[in-house]
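Asker: What follows is the file work_32.txt, containing compact mmCIF, C-alpha atoms (C1' of nucleotides):
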```txt
# COMPACT_ATOMS: atom_id res chain seq x y z
CA MET P 1 92.03 90.19 76.03
CA PRO P 2 91.75 91.44 72.42
CA ARG P 3 93.65 94.51 71.42
CA LEU P 4 90.94 97.16 71.16
CA GLU P 5 89.00 96.02 74.17
CA ARG P 6 92.09 96.05 76.39
CA ARG P 7 93.13 99.44 75.12
CA GLU P 8 89.78 100.92 75.97
CA GLU P 9 89.95 99.36 79.41
CA ILE P 10 93.36 100.91 79.99
CA LEU P 11 92.10 104.32 78.92
CA LYS P 12 89.12 104.06 81.20
CA VAL P 13 91.16 102.90 84.17
CA ALA P 14 93.78 105.58 83.56
CA GLY P 15 91.04 108.20 83.36
CA ARG P 16 89.63 107.07 86.66
CA LEU P 17 93.01 107.10 88.40
CA PHE P 18 94.19 110.37 86.85
CA SER P 19 90.98 112.05 87.92
CA LYS P 20 91.32 110.75 91.45
CA LYS P 21 95.05 111.01 92.14
CA GLY P 22 96.30 113.27 89.38
CA TYR P 23 98.61 112.43 86.50
CA HIS P 24 101.87 112.65 88.42
CA GLY P 25 100.29 110.97 91.42
CA THR P 26 99.33 107.92 89.37
CA THR P 27 101.97 105.35 88.47
CA ILE P 28 102.14 102.95 85.56
CA ARG P 29 101.90 100.17 88.13
CA ASP P 30 98.70 101.67 89.59
CA ILE P 31 97.17 101.48 86.14
CA SER P 32 98.41 97.99 85.28
CA ASP P 33 97.35 96.66 88.70
CA ALA P 34 93.85 98.01 88.20
CA CYS P 35 93.78 96.29 84.81
CA GLY P 36 94.98 93.03 86.30
CA ILE P 37 98.18 92.81 84.26
CA LEU P 38 101.84 93.51 84.93
CA SER P 39 103.31 96.94 84.34
CA GLY P 40 105.45 95.78 81.43
CA SER P 41 102.43 94.35 79.66
CA LEU P 42 100.88 97.80 79.45
CA TYR P 43 103.47 98.65 76.84
CA THR P 44 101.97 96.16 74.42
CA HIS P 45 99.14 98.68 74.16
CA ILE P 46 100.62 102.12 74.77
CA LYS P 47 103.86 103.86 73.89
CA THR P 48 104.20 106.19 76.88
CA LYS P 49 102.31 107.22 79.97
CA GLU P 50 101.82 110.67 78.52
CA ASP P 51 100.09 109.20 75.50
CA LEU P 52 97.36 108.06 77.86
CA LEU P 53 96.93 111.55 79.27
CA TYR P 54 96.84 113.03 75.81
CA GLU P 55 94.32 110.60 74.42
CA ILE P 56 91.98 111.07 77.38
CA THR P 57 92.30 114.83 77.21
CA ASP P 58 91.87 115.02 73.47
CA ARG P 59 88.81 112.81 73.48
CA GLY P 60 87.35 115.08 76.13
CA ALA P 61 88.03 118.15 74.05
CA GLU P 62 86.41 116.55 71.02
CA CYS P 63 83.34 115.61 73.03
CA PHE P 64 82.80 119.20 74.12
CA LEU P 65 83.38 120.57 70.64
CA ARG P 66 81.09 118.08 68.93
CA SER P 67 78.33 118.61 71.44
CA ILE P 68 78.03 122.30 70.71
CA ARG P 69 78.80 122.53 66.97
CA SER P 70 75.37 121.64 65.62
CA ILE P 71 73.80 124.09 68.05
CA MET P 72 76.01 126.87 66.73
CA GLU P 73 74.95 126.17 63.16
CA SER P 74 71.24 126.10 63.88
CA ASP P 75 69.08 129.13 63.26
CA ILE P 76 67.66 129.86 66.70
CA SER P 77 67.70 132.75 69.14
CA ALA P 78 70.77 133.41 71.29
CA THR P 79 68.78 132.64 74.41
CA GLU P 80 67.82 129.27 73.03
CA LYS P 81 71.37 128.62 71.86
CA LEU P 82 72.64 129.45 75.31
CA ARG P 83 70.22 127.08 76.96
CA GLN P 84 70.97 124.24 74.57
CA ALA P 85 74.71 124.78 74.78
CA VAL P 86 74.71 124.71 78.57
CA ARG P 87 72.60 121.56 78.45
CA ALA P 88 75.00 119.96 76.01
CA HIS P 89 77.94 120.92 78.18
CA MET P 90 76.32 119.37 81.22
CA ARG P 91 75.47 116.22 79.30
CA VAL P 92 79.08 115.74 78.26
CA ILE P 93 80.19 116.05 81.87
CA GLU P 94 77.46 113.70 83.02
CA ALA P 95 78.47 111.05 80.47
CA ASN P 96 82.23 111.42 80.92
CA LEU P 97 82.77 112.70 84.42
CA GLU P 98 86.21 111.18 84.89
CA ALA P 99 87.50 112.16 81.47
CA ALA P 100 86.10 115.65 81.98
CA THR P 101 87.89 115.91 85.30
CA VAL P 102 91.18 114.97 83.65
CA PHE P 103 90.43 117.41 80.85
CA PHE P 104 89.89 120.24 83.29
CA GLN P 105 92.66 119.70 85.78
CA GLU P 106 95.35 117.40 84.43
CA TRP P 107 95.86 118.71 80.90
CA LYS P 108 98.52 121.08 82.25
CA SER P 109 100.86 118.14 82.70
CA LEU P 110 101.02 117.56 78.95
CA SER P 111 104.21 118.29 77.05
CA GLU P 112 104.43 121.75 75.55
CA LYS P 113 103.42 120.68 72.07
CA ARG P 114 100.43 118.66 73.09
CA PHE P 115 99.43 121.25 75.62
CA ALA P 116 99.26 123.76 72.79
CA ARG P 117 97.14 121.43 70.69
CA ILE P 118 94.58 121.04 73.48
CA GLN P 119 94.76 124.75 74.21
CA ALA P 120 93.73 125.42 70.62
CA LYS P 121 90.64 123.26 71.02
CA ARG P 122 89.78 124.98 74.28
CA ASP P 123 90.05 128.30 72.49
CA GLN P 124 87.73 127.06 69.76
CA TYR P 125 85.20 126.02 72.37
CA GLU P 126 85.44 129.31 74.20
CA THR P 127 84.98 131.18 70.93
CA MET P 128 81.64 129.47 70.39
CA TRP P 129 80.40 130.74 73.74
CA LYS P 130 81.64 134.15 72.80
CA GLU P 131 79.64 134.06 69.59
CA ILE P 132 76.47 133.11 71.41
CA LEU P 133 76.88 136.02 73.79
CA GLU P 134 77.73 138.47 71.01
CA GLN P 135 74.72 137.35 69.00
CA GLY P 136 72.50 137.88 72.03
CA ILE P 137 73.86 141.34 72.70
CA ARG P 138 73.72 142.35 69.03
CA GLN P 139 70.14 141.21 68.63
CA GLY P 140 69.04 142.87 71.84
CA GLU P 141 68.16 139.74 73.79
CA PHE P 142 70.94 140.26 76.30
CA ARG P 143 71.91 143.41 78.11
CA ASP P 144 74.68 145.42 76.56
CA THR P 145 77.12 144.26 79.22
CA ASP P 146 80.80 143.45 78.90
CA GLU P 147 80.77 140.22 76.91
CA LYS P 148 84.04 139.04 78.42
CA PHE P 149 82.70 138.95 81.96
CA ALA P 150 79.56 137.15 80.93
CA ARG P 151 81.76 134.60 79.19
CA LEU P 152 84.02 134.19 82.20
CA LEU P 153 80.96 133.67 84.37
CA LEU P 154 79.62 131.06 81.99
CA LEU P 155 82.92 129.25 81.68
CA ALA P 156 83.43 129.33 85.42
CA VAL P 157 80.13 127.55 85.97
CA GLY P 158 80.78 125.06 83.19
CA ASN P 159 84.34 124.33 84.20
CA TRP P 160 83.57 123.99 87.87
CA VAL P 161 80.71 121.53 87.55
CA TYR P 162 82.93 118.46 87.62
CA GLN P 163 84.00 119.45 91.12
CA TRP P 164 80.63 118.89 92.69
CA TYR P 165 78.46 117.02 90.16
CA ARG P 166 77.77 113.40 91.13
CA PRO P 167 75.67 111.23 88.81
CA GLU P 168 73.80 109.73 91.77
CA GLY P 169 72.29 113.11 92.60
CA ASP P 170 68.58 113.54 91.96
CA LEU P 171 68.74 116.22 89.29
CA SER P 172 69.47 115.38 85.66
CA ALA P 173 72.10 117.22 83.67
CA GLU P 174 69.33 119.09 81.83
CA GLU P 175 67.60 120.21 84.99
CA ILE P 176 70.84 121.52 86.43
CA ALA P 177 71.62 123.33 83.18
CA ASP P 178 68.20 124.96 83.10
CA ARG P 179 68.50 126.26 86.63
CA PHE P 180 71.84 127.84 85.94
CA VAL P 181 70.62 129.40 82.71
CA ASP P 182 67.58 130.79 84.46
CA LEU P 183 69.68 132.25 87.24
CA LEU P 184 72.14 133.71 84.79
CA LEU P 185 69.48 135.27 82.58
CA GLU P 186 67.14 136.60 85.23
CA GLY P 187 69.68 137.56 87.86
CA LEU P 188 69.58 137.16 91.59
CA LYS P 189 67.97 140.48 92.47
CA LYS P 190 64.29 140.66 93.20
CA ARG P 191 62.33 142.88 90.80
CA THR P 192 59.72 145.20 92.20
CA MET Q 1 120.36 132.96 105.69
CA PRO Q 2 118.54 133.26 109.05
CA ARG Q 3 115.99 130.70 110.00
CA LEU Q 4 112.69 132.52 109.54
CA GLU Q 5 113.71 134.33 106.41
CA ARG Q 6 114.86 131.12 104.72
CA ARG Q 7 111.74 129.31 105.76
CA GLU Q 8 109.52 131.96 104.22
CA GLU Q 9 111.58 131.83 101.04
CA ILE Q 10 111.13 128.07 100.84
CA LEU Q 11 107.38 128.41 101.31
CA LYS Q 12 107.17 131.03 98.62
CA VAL Q 13 109.29 129.06 96.16
CA ALA Q 14 107.35 125.88 96.89
CA GLY Q 15 104.09 127.74 96.34
CA ARG Q 16 105.29 129.00 93.00
CA LEU Q 17 106.44 125.57 91.84
CA PHE Q 18 103.42 123.69 93.19
CA SER Q 19 101.12 126.11 91.43
CA LYS Q 20 102.99 125.74 88.16
CA LYS Q 21 103.87 122.04 88.06
CA GLY Q 22 101.64 120.54 90.70
CA TYR Q 23 102.62 118.95 94.01
CA HIS Q 24 103.56 115.55 92.63
CA GLY Q 25 105.21 117.18 89.63
CA THR Q 26 107.54 119.20 91.85
CA THR Q 27 110.55 117.54 93.48
CA ILE Q 28 112.42 118.44 96.62
CA ARG Q 29 115.40 119.16 94.37
CA ASP Q 30 113.35 121.59 92.26
CA ILE Q 31 112.59 123.53 95.41
CA SER Q 32 116.09 123.46 96.84
CA ASP Q 33 117.60 124.42 93.47
CA ALA Q 34 115.30 127.42 93.23
CA CYS Q 35 116.41 128.43 96.73
CA GLY Q 36 120.06 128.01 95.83
CA ILE Q 37 120.81 125.32 98.39
CA LEU Q 38 121.22 121.55 98.26
CA SER Q 39 118.27 119.23 98.71
CA GLY Q 40 119.48 117.91 102.04
CA SER Q 41 119.76 121.41 103.43
CA LEU Q 42 116.04 121.89 102.98
CA TYR Q 43 115.52 119.52 105.87
CA THR Q 44 117.12 121.97 108.27
CA HIS Q 45 113.91 123.96 107.77
CA ILE Q 46 111.13 121.49 107.03
CA LYS Q 47 110.19 118.02 108.22
CA THR Q 48 108.55 116.63 105.07
CA LYS Q 49 107.55 117.73 101.60
CA GLU Q 50 103.90 117.37 102.55
CA ASP Q 51 104.36 119.83 105.42
CA LEU Q 52 105.06 122.46 102.79
CA LEU Q 53 101.86 121.69 100.94
CA TYR Q 54 99.88 121.75 104.15
CA GLU Q 55 101.30 125.04 105.38
CA ILE Q 56 100.67 126.75 102.05
CA THR Q 57 97.15 125.38 101.83
CA ASP Q 58 96.28 126.19 105.41
CA ARG Q 59 97.55 129.73 105.16
CA GLY Q 60 95.41 130.13 102.06
CA ALA Q 61 92.34 128.85 103.85
CA GLU Q 62 92.94 131.22 106.75
CA CYS Q 63 93.32 134.17 104.39
CA PHE Q 64 89.94 133.50 102.83
CA LEU Q 65 88.24 132.98 106.17
CA ARG Q 66 89.72 136.08 107.77
CA SER Q 67 88.85 138.24 104.80
CA ILE Q 68 85.15 137.55 105.04
CA ARG Q 69 84.55 137.20 108.79
CA SER Q 70 84.25 140.87 109.66
CA ILE Q 71 81.87 141.36 106.75
CA MET Q 72 79.63 138.63 108.06
CA GLU Q 73 79.42 140.26 111.46
CA SER Q 74 78.60 143.72 110.16
CA ASP Q 75 75.04 144.96 110.07
CA ILE Q 76 74.52 145.67 106.38
CA SER Q 77 72.17 144.51 103.65
CA ALA Q 78 72.71 141.15 101.96
CA THR Q 79 73.41 142.89 98.68
CA GLU Q 80 76.13 144.94 100.28
CA LYS Q 81 77.51 141.90 102.08
CA LEU Q 82 77.62 140.05 98.81
CA ARG Q 83 79.49 142.82 97.08
CA GLN Q 84 82.01 143.22 99.87
CA ALA Q 85 82.52 139.48 100.21
CA VAL Q 86 83.20 139.04 96.50
CA ARG Q 87 85.60 141.97 96.64
CA ALA Q 88 87.39 140.46 99.62
CA HIS Q 89 87.62 137.12 97.86
CA MET Q 90 89.12 138.75 94.80
CA ARG Q 91 91.58 140.70 96.90
CA VAL Q 92 92.85 137.54 98.57
CA ILE Q 93 93.45 135.97 95.18
CA GLU Q 94 95.12 139.09 93.88
CA ALA Q 95 97.50 139.22 96.84
CA ASN Q 96 98.24 135.47 96.97
CA LEU Q 97 97.73 134.16 93.47
CA GLU Q 98 100.18 131.29 93.74
CA ALA Q 99 99.07 130.19 97.18
CA ALA Q 100 95.44 130.45 96.05
CA THR Q 101 96.21 128.26 93.06
CA VAL Q 102 97.73 125.62 95.32
CA PHE Q 103 94.78 125.97 97.67
CA PHE Q 104 92.30 125.36 94.87
CA GLN Q 105 93.97 122.59 92.93
CA GLU Q 106 96.67 120.85 94.96
CA TRP Q 107 95.01 120.42 98.33
CA LYS Q 108 93.69 117.06 97.17
CA SER Q 109 97.19 115.64 97.44
CA LEU Q 110 97.18 116.09 101.21
CA SER Q 111 97.06 113.10 103.52
CA GLU Q 112 93.60 112.06 104.61
CA LYS Q 113 93.80 113.75 107.99
CA ARG Q 114 95.07 117.07 106.74
CA PHE Q 115 92.73 116.97 103.79
CA ALA Q 116 89.85 116.73 106.24
CA ARG Q 117 91.15 119.67 108.23
CA ILE Q 118 91.27 121.87 105.13
CA GLN Q 119 87.91 120.54 104.01
CA ALA Q 120 86.42 121.75 107.28
CA LYS Q 121 87.71 125.26 106.63
CA ARG Q 122 86.35 125.19 103.10
CA ASP Q 123 82.99 124.17 104.50
CA GLN Q 124 83.11 127.07 106.95
CA TYR Q 125 83.81 129.46 104.12
CA GLU Q 126 81.04 128.06 101.98
CA THR Q 127 78.62 128.35 104.87
CA MET Q 128 79.25 132.07 105.08
CA TRP Q 129 78.24 132.49 101.45
CA LYS Q 130 75.18 130.43 102.14
CA GLU Q 131 74.24 132.75 104.98
CA ILE Q 132 74.56 135.82 102.81
CA LEU Q 133 72.26 134.30 100.21
CA GLU Q 134 69.74 133.12 102.77
CA GLN Q 135 69.66 136.54 104.37
CA GLY Q 136 69.05 138.13 100.98
CA ILE Q 137 66.23 135.75 100.14
CA ARG Q 138 64.65 136.05 103.61
CA GLN Q 139 64.71 139.82 103.56
CA GLY Q 140 63.34 139.99 100.04
CA GLU Q 141 66.37 141.51 98.35
CA PHE Q 142 67.04 138.41 96.29
CA ARG Q 143 64.59 136.39 94.27
CA ASP Q 144 63.19 133.32 96.01
CA THR Q 145 65.38 131.04 93.92
CA ASP Q 146 67.10 127.82 94.93
CA GLU Q 147 69.84 129.03 97.26
CA LYS Q 148 72.05 126.08 96.44
CA PHE Q 149 72.35 126.93 92.78
CA ALA Q 150 73.06 130.55 93.49
CA ARG Q 151 75.78 129.43 95.84
CA LEU Q 152 77.25 127.05 93.30
CA LEU Q 153 77.29 129.83 90.76
CA LEU Q 154 79.02 132.15 93.19
CA LEU Q 155 81.59 129.58 94.23
CA ALA Q 156 82.24 128.62 90.63
CA VAL Q 157 83.14 132.20 89.78
CA GLY Q 158 85.24 132.64 92.91
CA ASN Q 159 87.03 129.35 92.58
CA TRP Q 160 87.76 129.75 88.90
CA VAL Q 161 89.27 133.20 89.06
CA TYR Q 162 92.80 131.96 89.70
CA GLN Q 163 92.71 130.24 86.32
CA TRP Q 164 92.57 133.43 84.32
CA TYR Q 165 93.36 136.31 86.66
CA ARG Q 166 96.75 137.92 86.03
CA PRO Q 167 97.88 140.83 88.21
CA GLU Q 168 99.30 142.67 85.19
CA GLY Q 169 95.78 143.02 83.74
CA ASP Q 170 94.28 146.50 83.72
CA LEU Q 171 91.36 145.88 86.05
CA SER Q 172 91.77 145.87 89.81
CA ALA Q 173 90.41 143.09 91.97
CA GLU Q 174 87.62 145.39 93.11
CA GLU Q 175 86.57 146.33 89.60
CA ILE Q 176 86.43 142.70 88.57
CA ALA Q 177 84.41 141.84 91.65
CA ASP Q 178 81.93 144.63 90.99
CA ARG Q 179 81.34 143.53 87.42
CA PHE Q 180 80.62 140.00 88.46
CA VAL Q 181 78.30 141.08 91.23
CA ASP Q 182 76.43 143.36 88.86
CA LEU Q 183 76.05 140.61 86.29
CA LEU Q 184 74.95 138.15 88.92
CA LEU Q 185 72.40 140.49 90.47
CA GLU Q 186 70.94 142.02 87.34
CA GLY Q 187 71.10 139.01 85.06
CA LEU Q 188 72.06 138.79 81.45
CA LYS Q 189 68.63 139.24 79.93
CA LYS Q 190 67.58 142.57 78.59
CA ARG Q 191 64.56 144.07 80.34
CA THR Q 192 61.89 145.73 78.23
C1' DT H 1 142.10 142.71 121.41
C1' DT H 2 142.72 137.90 120.80
C1' DC H 3 141.51 133.30 121.56
C1' DT H 4 138.21 129.63 122.02
C1' DG H 5 133.79 127.16 122.41
C1' DT H 6 129.09 126.96 120.59
C1' DC H 7 125.66 126.53 117.35
C1' DA H 8 122.81 127.31 113.37
C1' DA H 9 123.06 126.64 108.39
C1' DA H 10 124.55 124.31 104.57
C1' DC H 11 127.29 120.69 102.34
C1' DA H 12 128.51 116.04 100.35
C1' DA H 13 127.34 111.64 99.93
C1' DG H 14 124.35 108.21 99.60
C1' DC H 15 120.48 105.04 101.41
C1' DG H 16 116.36 102.34 100.26
C1' DC H 17 112.84 102.54 97.25
C1' DT H 18 109.97 103.80 93.17
C1' DT H 19 109.68 105.52 88.73
C1' DG H 20 108.81 104.88 83.49
C1' DC H 21 110.15 101.76 80.41
C1' DT H 22 112.68 97.53 77.83
C1' DC H 23 113.31 92.99 76.26
C1' DG H 24 113.65 88.01 75.73
C1' DT H 25 110.42 84.38 76.59
C1' DA H 26 106.07 81.72 77.13
C1' DT H 27 101.48 80.69 75.71
C1' DA H 28 97.32 80.20 73.46
C1' DA H 29 94.15 81.37 69.84
C1' DA H 30 93.72 81.51 64.70
C1' DT S 1 102.79 77.68 62.14
C1' DT S 2 102.06 82.15 62.79
C1' DT S 3 100.87 86.01 65.54
C1' DA S 4 99.02 88.70 69.22
C1' DT S 5 99.02 89.10 74.20
C1' DA S 6 101.03 88.82 78.54
C1' DC S 7 104.79 87.40 81.63
C1' DG S 8 109.08 87.89 84.36
C1' DA S 9 113.03 89.99 85.18
C1' DG S 10 115.38 93.98 85.40
C1' DC S 11 117.66 98.58 83.96
C1' DA S 12 118.84 103.44 84.57
C1' DA S 13 117.29 107.38 86.58
C1' DG S 14 115.15 109.80 89.98
C1' DC S 15 112.56 110.06 94.30
C1' DG S 16 112.14 111.75 99.47
C1' DC S 17 114.90 111.82 103.09
C1' DT S 18 119.11 110.83 106.47
C1' DT S 19 123.65 111.10 108.05
C1' DG S 20 128.28 112.76 109.30
C1' DT S 21 130.92 116.73 108.38
C1' DT S 22 132.25 121.56 107.37
C1' DT S 23 131.65 126.43 107.67
C1' DG S 24 131.25 130.95 109.49
C1' DA S 25 129.26 134.17 112.74
C1' DC S 26 129.07 135.37 117.40
C1' DA S 27 129.59 134.66 122.37
C1' DG S 28 132.41 135.25 126.76
C1' DA S 29 137.09 134.51 128.91
C1' DA S 30 141.94 135.74 128.87
```
Re-express the file's structure as structure tokens.

Answerer:
Amino acid sequence: MPRLERREEILKVAGRLFSKKGYHGTTIRDISDACGILSGSLYTHIKTKEDLLYEITDRGAECFLRSIRSIMESDISATEKLRQAVRAHMRVIEANLEAATVFFQEWKSLSEKRFARIQAKRDQYETMWKEILEQGIRQGEFRDTDEKFARLLLLAVGNWVYQWYRPEGDLSAEEIADRFVDLLLEGLKKRT
Amino acid sequence: MPRLERREEILKVAGRLFSKKGYHGTTIRDISDACGILSGSLYTHIKTKEDLLYEITDRGAECFLRSIRSIMESDISATEKLRQAVRAHMRVIEANLEAATVFFQEWKSLSEKRFARIQAKRDQYETMWKEILEQGIRQGEFRDTDEKFARLLLLAVGNWVYQWYRPEGDLSAEEIADRFVDLLLEGLKKRT
DNA sequence: TTCTGTCAAACAAGCGCTTGCTCGTATAAA
DNA sequence: TTTATACGAGCAAGCGCTTGTTTGACAGAA
């Protein structure tokens, strides 16, 4: 199999196995078996096992960042930004469920240096959510509540989705996003 | 060291290491080193490495279940049940942060049979939240929204807490719980 | 009190196997 | 003929766990 094609296959297979059995729970032989080659042959395409984890994780981080950047730059209300950002987040998870799972729960197995590099991208992403919330509070669309807790609530929902979301379900990523945004904005309490 | 005392130490040490490096990322020698004994000596106190994971996970599950049971049986409004249940949940995490971390992210490494046993307890716990929400909707305290999404939101917050909560922070478990409940009930949107 | 038998706790060594990874060779497409 | 891809064999280290032995505290008999 040609170089690039095989490499992509390996990344995909590794993503699937890492997401299912964890990084430490997956062996080089698990990955090579699933690719239909011998374990030694993997090393024609990769340098180390950790490189695989890093590349999967970093691609995931980039996906999330890219998906929300254009929304941040657009000139719309905070409420609309929030809705679009949650939709974008859900779409990334929908399109890369396995990579997202690795991104959310296996990135801690990275070496210190690489861990820090991913951490920085996570911080960037979180900052964008923070800005949406601050804009909303400043402009009077959102209640003057503690921004940090709203952000934690938002991130909790976003970062937990991969645990239960299954593409074969009957709601699209957008529909799920909209329901969460509605619930978050309007609250659970009945108004009289 | 006497039997019971040593055993508890091993469980505690294992919990700490599992939560930090993951189950597969922690070796029997890591655990025995941290206890100040040789790896073979561990087996005076445990049968297998997986037994450790199971005991930690199961104790965690029992903590969560116990903490919420009496609340479920009491005769109070759904809103009050919700607040007390979230508080109880936060208190369990505060008091058992490492065990809770293992419970939330390492239980997947259990053998099929034990995994199923923990899964059943998780389902029980989730059902109690469902009942609180259904009661609130039925009695008109909560909006007639999709119960499932409200539950997912609630679980997301509860299950994500261990990722950021640090006991040295300046808010108590109760204060954190109350802020989340307020945000969840009242919503983010400003009322006019 | 002193001696002796018992037993839990830990040691020291190492077993069989798996791990991530290397390297010289074969093969087939360009 | 060159070059990229995969094979086949295997290395050194580490894995979970077992085994035979030592240690030290405490019991009851002398």

Asker: Using all atoms listed in the file, which residues sit within 10 Å of range 11-16 of chain P once same-chain residues fewer than 6 positions away are excluded, as a list in words?

Answerer: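 Near range 11-16 of chain P, the qualifying residues are Gly22, Tyr23, Thr26, Thr27, Ile28, Asp30, Ile31, Ser32, Asp33, Ala34, Cys35, Ile46, Lys49, Asp51, Leu52, Leu53, Glu55, Ile56, Thr57, Asn96, Leu97, Glu98, Ala99, Ala100, Thr101, Val102 and Phe103 of chain P.
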
Asker: Up to 12 Å from chain H, what residues of chain P turn up? Count only C-alpha atoms (C1' of nucleotides) and give them as an NGL selection string.

Answerer: :P and (1-2 or 24-30 or 39-44 or 46-50)

Asker: What's the separation between CA of Leu82 in chain P and CA of Ile132 in chain P, in Å to one decimal place?

Answerer: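 Distance between the two atoms: 6.6 Å.
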
Asker: Contacts between chain Q and chain P, please, where a residue of chain P counts if it comes within 10 Å (with all atoms listed in the file); show its shortest atom pair and distance in Å to one decimal, rows by chain and ascending number, as CSV.

Answerer:
```
residue,atom,partner,partner_atom,distance
P:Lys20,CA,Q:Lys108,CA,8.8
P:Lys21,CA,Q:Ser109,CA,7.4
P:Gly22,CA,Q:His24,CA,8.3
P:Tyr23,CA,Q:His24,CA,8.5
P:His24,CA,Q:His24,CA,5.4
P:Gly25,CA,Q:His24,CA,5.8
P:Thr26,CA,Q:His24,CA,9.3
P:Thr79,CA,Q:Lys189,CA,8.6
P:Gln105,CA,Q:Gln105,CA,7.8
P:Glu106,CA,Q:Gly22,CA,9.4
P:Lys108,CA,Q:Lys21,CA,8.0
P:Ser109,CA,Q:Lys21,CA,7.3
P:Leu133,CA,Q:Leu188,CA,9.5
P:Gly136,CA,Q:Lys189,CA,8.9
P:Ile137,CA,Q:Lys190,CA,8.7
P:Gly140,CA,Q:Lys190,CA,6.9
P:Glu141,CA,Q:Lys190,CA,5.6
P:Phe142,CA,Q:Lys189,CA,4.4
P:Arg143,CA,Q:Lys190,CA,4.4
P:Asp144,CA,Q:Lys190,CA,7.9
P:Thr145,CA,Q:Leu188,CA,7.8
P:Asp146,CA,Q:Arg179,CA,8.5
P:Glu147,CA,Q:Leu188,CA,9.9
P:Phe149,CA,Q:Phe180,CA,6.9
P:Ala150,CA,Q:Leu183,CA,7.3
P:Leu152,CA,Q:Val157,CA,7.9
P:Leu153,CA,Q:Val157,CA,6.0
P:Leu154,CA,Q:Val157,CA,8.6
P:Leu155,CA,Q:Val157,CA,8.6
P:Ala156,CA,Q:Val157,CA,5.2
P:Val157,CA,Q:Ala156,CA,5.2
P:Gly158,CA,Q:Ala156,CA,8.4
P:Asn159,CA,Q:Trp160,CA,7.9
P:Trp160,CA,Q:Ala156,CA,5.6
P:Val161,CA,Q:Ala156,CA,7.9
P:Gln163,CA,Q:Ala156,CA,9.4
P:Trp164,CA,Q:Leu152,CA,8.9
P:Ile176,CA,Q:Phe149,CA,8.5
P:Arg179,CA,Q:Phe149,CA,7.3
P:Phe180,CA,Q:Phe149,CA,6.9
P:Val181,CA,Q:Leu188,CA,9.6
P:Asp182,CA,Q:Gly187,CA,9.0
P:Leu183,CA,Q:Gly187,CA,7.2
P:Leu184,CA,Q:Gly187,CA,5.4
P:Leu185,CA,Q:Leu188,CA,4.5
P:Glu186,CA,Q:Gly187,CA,4.6
P:Gly187,CA,Q:Gly187,CA,3.5
P:Leu188,CA,Q:Leu185,CA,4.5
P:Lys189,CA,Q:Phe142,CA,4.4
P:Lys190,CA,Q:Arg143,CA,4.4
P:Arg191,CA,Q:Arg143,CA,7.7
P:Thr192,CA,Q:Glu141,CA,9.8
```

Asker: Please find the residues of chain S near chain P - the criterion being any atom within 12 Å, counting only C-alpha atoms (C1' of nucleotides) - and write them as a PyMOL selection string.

Answerer: chain S and resi 4-10

Asker: Between CA of Met90 in chain Q and CA of Glu174 in chain Q, what is the distance in Å, rounded to a tenth?

Answerer: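 Spanning CA of Met90 in chain Q to CA of Glu174 in chain Q is a straight-line distance of 7.0 Å.
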
Asker: Excluding same-chain residues fewer than 4 positions from Ser172 in chain P, what lies within 12 Å of it counting only C-alpha atoms (C1' of nucleotides), as JSON, numbers by chain?

Answerer: {"P": [87, 90, 91, 93, 94, 95, 165, 166, 167, 168, 176, 177, 178, 179]}

Asker: Expressed in Å to a single decimal, how great is the separation between CA of Ala120 in chain P and CA of Trp107 in chain Q?

Answerer: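 A separation of 28.2 Å between them.
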
Asker: For Glu73 in chain Q, which residue among Q:Arg114, Q:Arg59, Q:Met128, Q:Gln139 is the nearest when counting all atoms listed in the file?

Answerer: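 The closest residue to Glu73 in chain Q is Q:Met128.
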